[in-house]
Amino acid sequence: MEIPKRPAPPAGLRRALFRLPVHLYRRGLGPLFGDRFLLLEHVGRVSGATRQAVVEVVEHAGDDYVVCSGFGPRSDWYRNLLKTPRATVQVGRSRFAVTARPLDADEGGELMIRYAPRHPKAAARLLRYMGFIVDGTKDDYRRVGRELPFMRLTRVR
């Protein structure tokens, strides 16, 4: 695995394009994304205002949804959840409260090994976009997963 250059979180027009799914959720079109993506509503760490982001679900089991900050630990939503782990998510038409917990590097590595074979085209495209050069082996995916910050969102009952 190589990491020639990691991109910064999107700004300007790229940011607007990345935020397009948020607007689709706001218009009631969240079910179009199925359970592959979720709308994350969280509290801004500086402003205290409600913020929203759409993130891909890396893994879902029971009451847990695991998501990843592809732009690394500098992503606003990730930093906001570190400060205030209570949030709300919408998956399809369902909305519910969650508590966020960051995962360690070993867990991230194992998650990436499971994710890549389930979504090979998406994994290859996303990793290339995020600046990773991988050869497709489990070891490479494990190393990538150790570099990315993952967050477990557990439904509050």
# chains A, B, ... in the order shown; residues from 1 in each chain; ligands from 1
>>> residues_around(residues="Ala100 in chain A", least_positions_apart="5", cutoff="7 Å", atoms="only C-alpha atoms", output="PyMOL selection string")
chain A and resi 81+85-86+151-154
>>> select_by_dssp(residues="chain A", states="strand (DSSP E or B)", output="VMD selection string")
chain A and resid 2 37 to 43 50 to 61 64 to 68 86 to 91 94 to 102 133 150 to 155
>>> write_last_selection(atoms="N, CA and C atoms", output="compact mmCIF listing (two decimals), in the first residue's frame")
# COMPACT_ATOMS: atom_id res chain seq x y z
N GLU A 2 0.48 2.21 -0.78
CA GLU A 2 1.14 3.50 -0.82
C GLU A 2 0.12 4.59 -0.55
N PHE A 37 -26.25 3.94 2.94
CA PHE A 37 -25.85 5.26 3.42
C PHE A 37 -26.79 5.67 4.53
N LEU A 38 -26.33 6.58 5.36
CA LEU A 38 -27.20 7.12 6.40
C LEU A 38 -26.98 8.62 6.53
N LEU A 39 -28.02 9.29 6.99
CA LEU A 39 -27.93 10.72 7.29
C LEU A 39 -27.58 10.83 8.76
N LEU A 40 -26.50 11.49 9.04
CA LEU A 40 -26.01 11.67 10.40
C LEU A 40 -26.27 13.10 10.83
N GLU A 41 -27.06 13.25 11.88
CA GLU A 41 -27.36 14.57 12.43
C GLU A 41 -26.62 14.68 13.76
N HIS A 42 -25.73 15.65 13.88
CA HIS A 42 -24.85 15.76 15.04
C HIS A 42 -24.70 17.21 15.45
N VAL A 43 -24.01 17.44 16.55
CA VAL A 43 -23.83 18.78 17.10
C VAL A 43 -22.45 19.30 16.74
N THR A 50 -26.91 22.24 15.04
CA THR A 50 -27.15 20.93 14.44
C THR A 50 -26.51 20.89 13.05
N ARG A 51 -25.77 19.84 12.78
CA ARG A 51 -25.10 19.64 11.50
C ARG A 51 -25.55 18.31 10.91
N GLN A 52 -25.44 18.17 9.60
CA GLN A 52 -25.84 16.94 8.93
C GLN A 52 -24.78 16.53 7.91
N ALA A 53 -24.61 15.23 7.78
CA ALA A 53 -23.71 14.66 6.78
C ALA A 53 -24.26 13.30 6.36
N VAL A 54 -24.09 12.95 5.12
CA VAL A 54 -24.44 11.61 4.65
C VAL A 54 -23.15 10.83 4.54
N VAL A 55 -23.13 9.66 5.18
CA VAL A 55 -21.93 8.82 5.18
C VAL A 55 -22.31 7.40 4.78
N GLU A 56 -21.34 6.70 4.19
CA GLU A 56 -21.58 5.32 3.78
C GLU A 56 -21.48 4.40 4.99
N VAL A 57 -22.37 3.43 5.03
CA VAL A 57 -22.35 2.41 6.07
C VAL A 57 -21.35 1.34 5.63
N VAL A 58 -20.31 1.16 6.42
CA VAL A 58 -19.29 0.16 6.13
C VAL A 58 -19.79 -1.21 6.54
N GLU A 59 -20.46 -1.25 7.68
CA GLU A 59 -20.97 -2.53 8.19
C GLU A 59 -22.16 -2.23 9.09
N HIS A 60 -23.15 -3.13 9.05
CA HIS A 60 -24.34 -2.99 9.88
C HIS A 60 -24.68 -4.35 10.46
N ALA A 61 -24.81 -4.38 11.78
CA ALA A 61 -25.20 -5.62 12.46
C ALA A 61 -26.04 -5.24 13.67
N ASP A 64 -25.99 -1.72 15.54
CA ASP A 64 -24.73 -1.02 15.26
C ASP A 64 -24.56 -0.72 13.78
N TYR A 65 -24.14 0.50 13.50
CA TYR A 65 -23.76 0.92 12.16
C TYR A 65 -22.33 1.43 12.26
N VAL A 66 -21.46 0.93 11.40
CA VAL A 66 -20.08 1.40 11.39
C VAL A 66 -19.89 2.27 10.16
N VAL A 67 -19.33 3.45 10.39
CA VAL A 67 -19.04 4.39 9.30
C VAL A 67 -17.57 4.77 9.36
N CYS A 68 -17.08 5.33 8.28
CA CYS A 68 -15.66 5.65 8.18
C CYS A 68 -15.50 7.08 7.67
N ARG A 86 -23.46 11.79 21.17
CA ARG A 86 -24.90 11.56 20.93
C ARG A 86 -25.28 12.18 19.60
N ALA A 87 -26.02 11.43 18.79
CA ALA A 87 -26.43 11.91 17.47
C ALA A 87 -27.73 11.22 17.08
N THR A 88 -28.24 11.61 15.93
CA THR A 88 -29.42 10.98 15.36
C THR A 88 -29.05 10.54 13.95
N VAL A 89 -29.53 9.37 13.54
CA VAL A 89 -29.31 8.93 12.18
C VAL A 89 -30.64 8.62 11.52
N GLN A 90 -30.63 8.72 10.21
CA GLN A 90 -31.77 8.29 9.41
C GLN A 90 -31.24 7.29 8.41
N VAL A 91 -31.82 6.10 8.44
CA VAL A 91 -31.50 5.04 7.49
C VAL A 91 -32.81 4.72 6.78
N SER A 94 -36.31 5.34 8.56
CA SER A 94 -36.19 5.22 10.03
C SER A 94 -35.22 6.24 10.59
N ARG A 95 -35.65 6.91 11.67
CA ARG A 95 -34.79 7.86 12.39
C ARG A 95 -34.67 7.38 13.83
N PHE A 96 -33.47 7.44 14.38
CA PHE A 96 -33.28 7.02 15.76
C PHE A 96 -31.99 7.62 16.33
N ALA A 97 -31.95 7.67 17.64
CA ALA A 97 -30.78 8.20 18.36
C ALA A 97 -29.68 7.15 18.42
N VAL A 98 -28.44 7.61 18.36
CA VAL A 98 -27.28 6.73 18.47
C VAL A 98 -26.24 7.36 19.39
N THR A 99 -25.35 6.51 19.85
CA THR A 99 -24.15 6.96 20.56
C THR A 99 -22.96 6.51 19.72
N ALA A 100 -22.02 7.43 19.51
CA ALA A 100 -20.86 7.15 18.67
C ALA A 100 -19.66 6.77 19.52
N ARG A 101 -18.88 5.83 18.99
CA ARG A 101 -17.65 5.41 19.65
C ARG A 101 -16.59 5.16 18.58
N PRO A 102 -15.43 5.84 18.69
CA PRO A 102 -14.38 5.59 17.70
C PRO A 102 -13.80 4.18 17.89
N ILE A 133 -2.99 3.72 -2.78
CA ILE A 133 -2.70 2.80 -3.88
C ILE A 133 -2.58 1.42 -3.25
N PHE A 150 -12.61 4.95 11.95
CA PHE A 150 -13.94 4.37 11.90
C PHE A 150 -14.69 4.74 13.17
N MET A 151 -16.02 4.83 13.03
CA MET A 151 -16.87 5.18 14.17
C MET A 151 -18.03 4.19 14.20
N ARG A 152 -18.29 3.63 15.39
CA ARG A 152 -19.43 2.73 15.59
C ARG A 152 -20.58 3.56 16.15
N LEU A 153 -21.71 3.52 15.49
CA LEU A 153 -22.92 4.22 15.92
C LEU A 153 -23.88 3.16 16.45
N THR A 154 -24.15 3.22 17.75
CA THR A 154 -25.01 2.22 18.38
C THR A 154 -26.34 2.85 18.73
N ARG A 155 -27.40 2.21 18.29
CA ARG A 155 -28.76 2.70 18.53
C ARG A 155 -29.03 2.75 20.03
>>> select_by_dssp(residues="range 80-113 of chain A", states="helix (DSSP H, G or I)", output="NGL selection string")
:A and (80-83 or 105-113)
>>> closest_residue(among="A:Leu103, A:Met130, A:Leu111, A:Ala124", to="Gly145 in chain A", atoms="only C-alpha atoms")
A:Leu111
>>> decode(residues="range 39-53 of chain A", atoms="all heavy atoms", output="short mmCIF file (atom, residue, chain, number, x, y, z; two decimals), in the first residue's frame")
data_model
loop_
_atom_site.label_atom_id
_atom_site.label_comp_id
_atom_site.auth_asym_id
_atom_site.auth_seq_id
_atom_site.Cartn_x
_atom_site.Cartn_y
_atom_site.Cartn_z
N LEU A 39 -28.02 9.29 6.99
CA LEU A 39 -27.93 10.72 7.29
C LEU A 39 -27.58 10.83 8.76
O LEU A 39 -28.29 10.29 9.61
CB LEU A 39 -29.26 11.42 7.01
CG LEU A 39 -29.32 12.90 7.39
CD1 LEU A 39 -28.42 13.73 6.48
CD2 LEU A 39 -30.76 13.41 7.33
N LEU A 40 -26.50 11.49 9.04
CA LEU A 40 -26.01 11.67 10.40
C LEU A 40 -26.27 13.10 10.83
O LEU A 40 -25.83 14.04 10.18
CB LEU A 40 -24.50 11.37 10.43
CG LEU A 40 -23.76 11.61 11.72
CD1 LEU A 40 -24.27 10.67 12.81
CD2 LEU A 40 -22.27 11.42 11.50
N GLU A 41 -27.06 13.25 11.88
CA GLU A 41 -27.36 14.57 12.43
C GLU A 41 -26.62 14.68 13.76
O GLU A 41 -26.84 13.86 14.66
CB GLU A 41 -28.87 14.70 12.64
CG GLU A 41 -29.34 16.11 12.84
CD GLU A 41 -30.85 16.18 12.78
OE1 GLU A 41 -31.40 16.15 11.66
OE2 GLU A 41 -31.46 16.24 13.86
N HIS A 42 -25.73 15.65 13.88
CA HIS A 42 -24.85 15.76 15.04
C HIS A 42 -24.70 17.21 15.45
O HIS A 42 -25.18 18.11 14.77
CB HIS A 42 -23.49 15.13 14.70
CG HIS A 42 -22.91 15.64 13.41
ND1 HIS A 42 -22.01 16.65 13.36
CD2 HIS A 42 -23.14 15.27 12.13
CE1 HIS A 42 -21.69 16.90 12.10
NE2 HIS A 42 -22.38 16.07 11.33
N VAL A 43 -24.01 17.44 16.55
CA VAL A 43 -23.83 18.78 17.10
C VAL A 43 -22.45 19.30 16.74
O VAL A 43 -21.45 18.62 16.96
CB VAL A 43 -24.01 18.76 18.64
CG1 VAL A 43 -23.74 20.12 19.24
CG2 VAL A 43 -25.40 18.27 19.00
N GLY A 44 -22.41 20.52 16.20
CA GLY A 44 -21.13 21.14 15.87
C GLY A 44 -20.31 21.38 17.12
O GLY A 44 -20.82 21.89 18.11
N ARG A 45 -19.05 21.02 17.09
CA ARG A 45 -18.19 21.10 18.28
C ARG A 45 -17.89 22.53 18.68
O ARG A 45 -17.62 22.81 19.84
CB ARG A 45 -16.89 20.31 18.06
CG ARG A 45 -15.98 20.90 17.04
CD ARG A 45 -14.85 19.96 16.65
NE ARG A 45 -14.11 20.54 15.54
CZ ARG A 45 -14.53 20.57 14.29
NH1 ARG A 45 -15.71 20.06 13.98
NH2 ARG A 45 -13.80 21.12 13.34
N VAL A 46 -17.91 23.47 17.75
CA VAL A 46 -17.63 24.87 18.06
C VAL A 46 -18.93 25.67 18.18
O VAL A 46 -19.15 26.38 19.16
CB VAL A 46 -16.71 25.50 16.99
CG1 VAL A 46 -16.50 26.98 17.24
CG2 VAL A 46 -15.38 24.76 16.93
N SER A 47 -19.81 25.51 17.18
CA SER A 47 -21.03 26.32 17.13
C SER A 47 -22.13 25.81 18.04
O SER A 47 -22.98 26.58 18.48
CB SER A 47 -21.56 26.36 15.70
OG SER A 47 -22.03 25.06 15.33
N GLY A 48 -22.15 24.49 18.29
CA GLY A 48 -23.26 23.90 19.04
C GLY A 48 -24.51 23.73 18.19
O GLY A 48 -25.54 23.26 18.67
N ALA A 49 -24.43 24.10 16.91
CA ALA A 49 -25.57 24.00 16.00
C ALA A 49 -25.70 22.58 15.47
O ALA A 49 -24.74 21.81 15.45
CB ALA A 49 -25.39 24.97 14.84
N THR A 50 -26.91 22.24 15.04
CA THR A 50 -27.15 20.93 14.44
C THR A 50 -26.51 20.89 13.05
O THR A 50 -26.69 21.81 12.25
CB THR A 50 -28.66 20.66 14.33
OG1 THR A 50 -29.21 20.68 15.64
CG2 THR A 50 -28.93 19.32 13.69
N ARG A 51 -25.77 19.84 12.78
CA ARG A 51 -25.10 19.64 11.50
C ARG A 51 -25.55 18.31 10.91
O ARG A 51 -25.97 17.42 11.64
CB ARG A 51 -23.57 19.61 11.68
CG ARG A 51 -23.01 20.85 12.32
CD ARG A 51 -23.15 22.02 11.40
NE ARG A 51 -22.51 23.19 11.96
CZ ARG A 51 -22.86 24.42 11.66
NH1 ARG A 51 -23.85 24.63 10.82
NH2 ARG A 51 -22.23 25.44 12.19
N GLN A 52 -25.44 18.17 9.60
CA GLN A 52 -25.84 16.94 8.93
C GLN A 52 -24.78 16.53 7.91
O GLN A 52 -24.15 17.38 7.28
CB GLN A 52 -27.16 17.12 8.19
CG GLN A 52 -28.34 17.35 9.11
CD GLN A 52 -29.63 17.54 8.35
OE1 GLN A 52 -29.66 18.20 7.32
NE2 GLN A 52 -30.70 16.94 8.84
N ALA A 53 -24.61 15.23 7.78
CA ALA A 53 -23.71 14.66 6.78
C ALA A 53 -24.26 13.30 6.36
O ALA A 53 -24.85 12.60 7.18
CB ALA A 53 -22.30 14.50 7.35
#
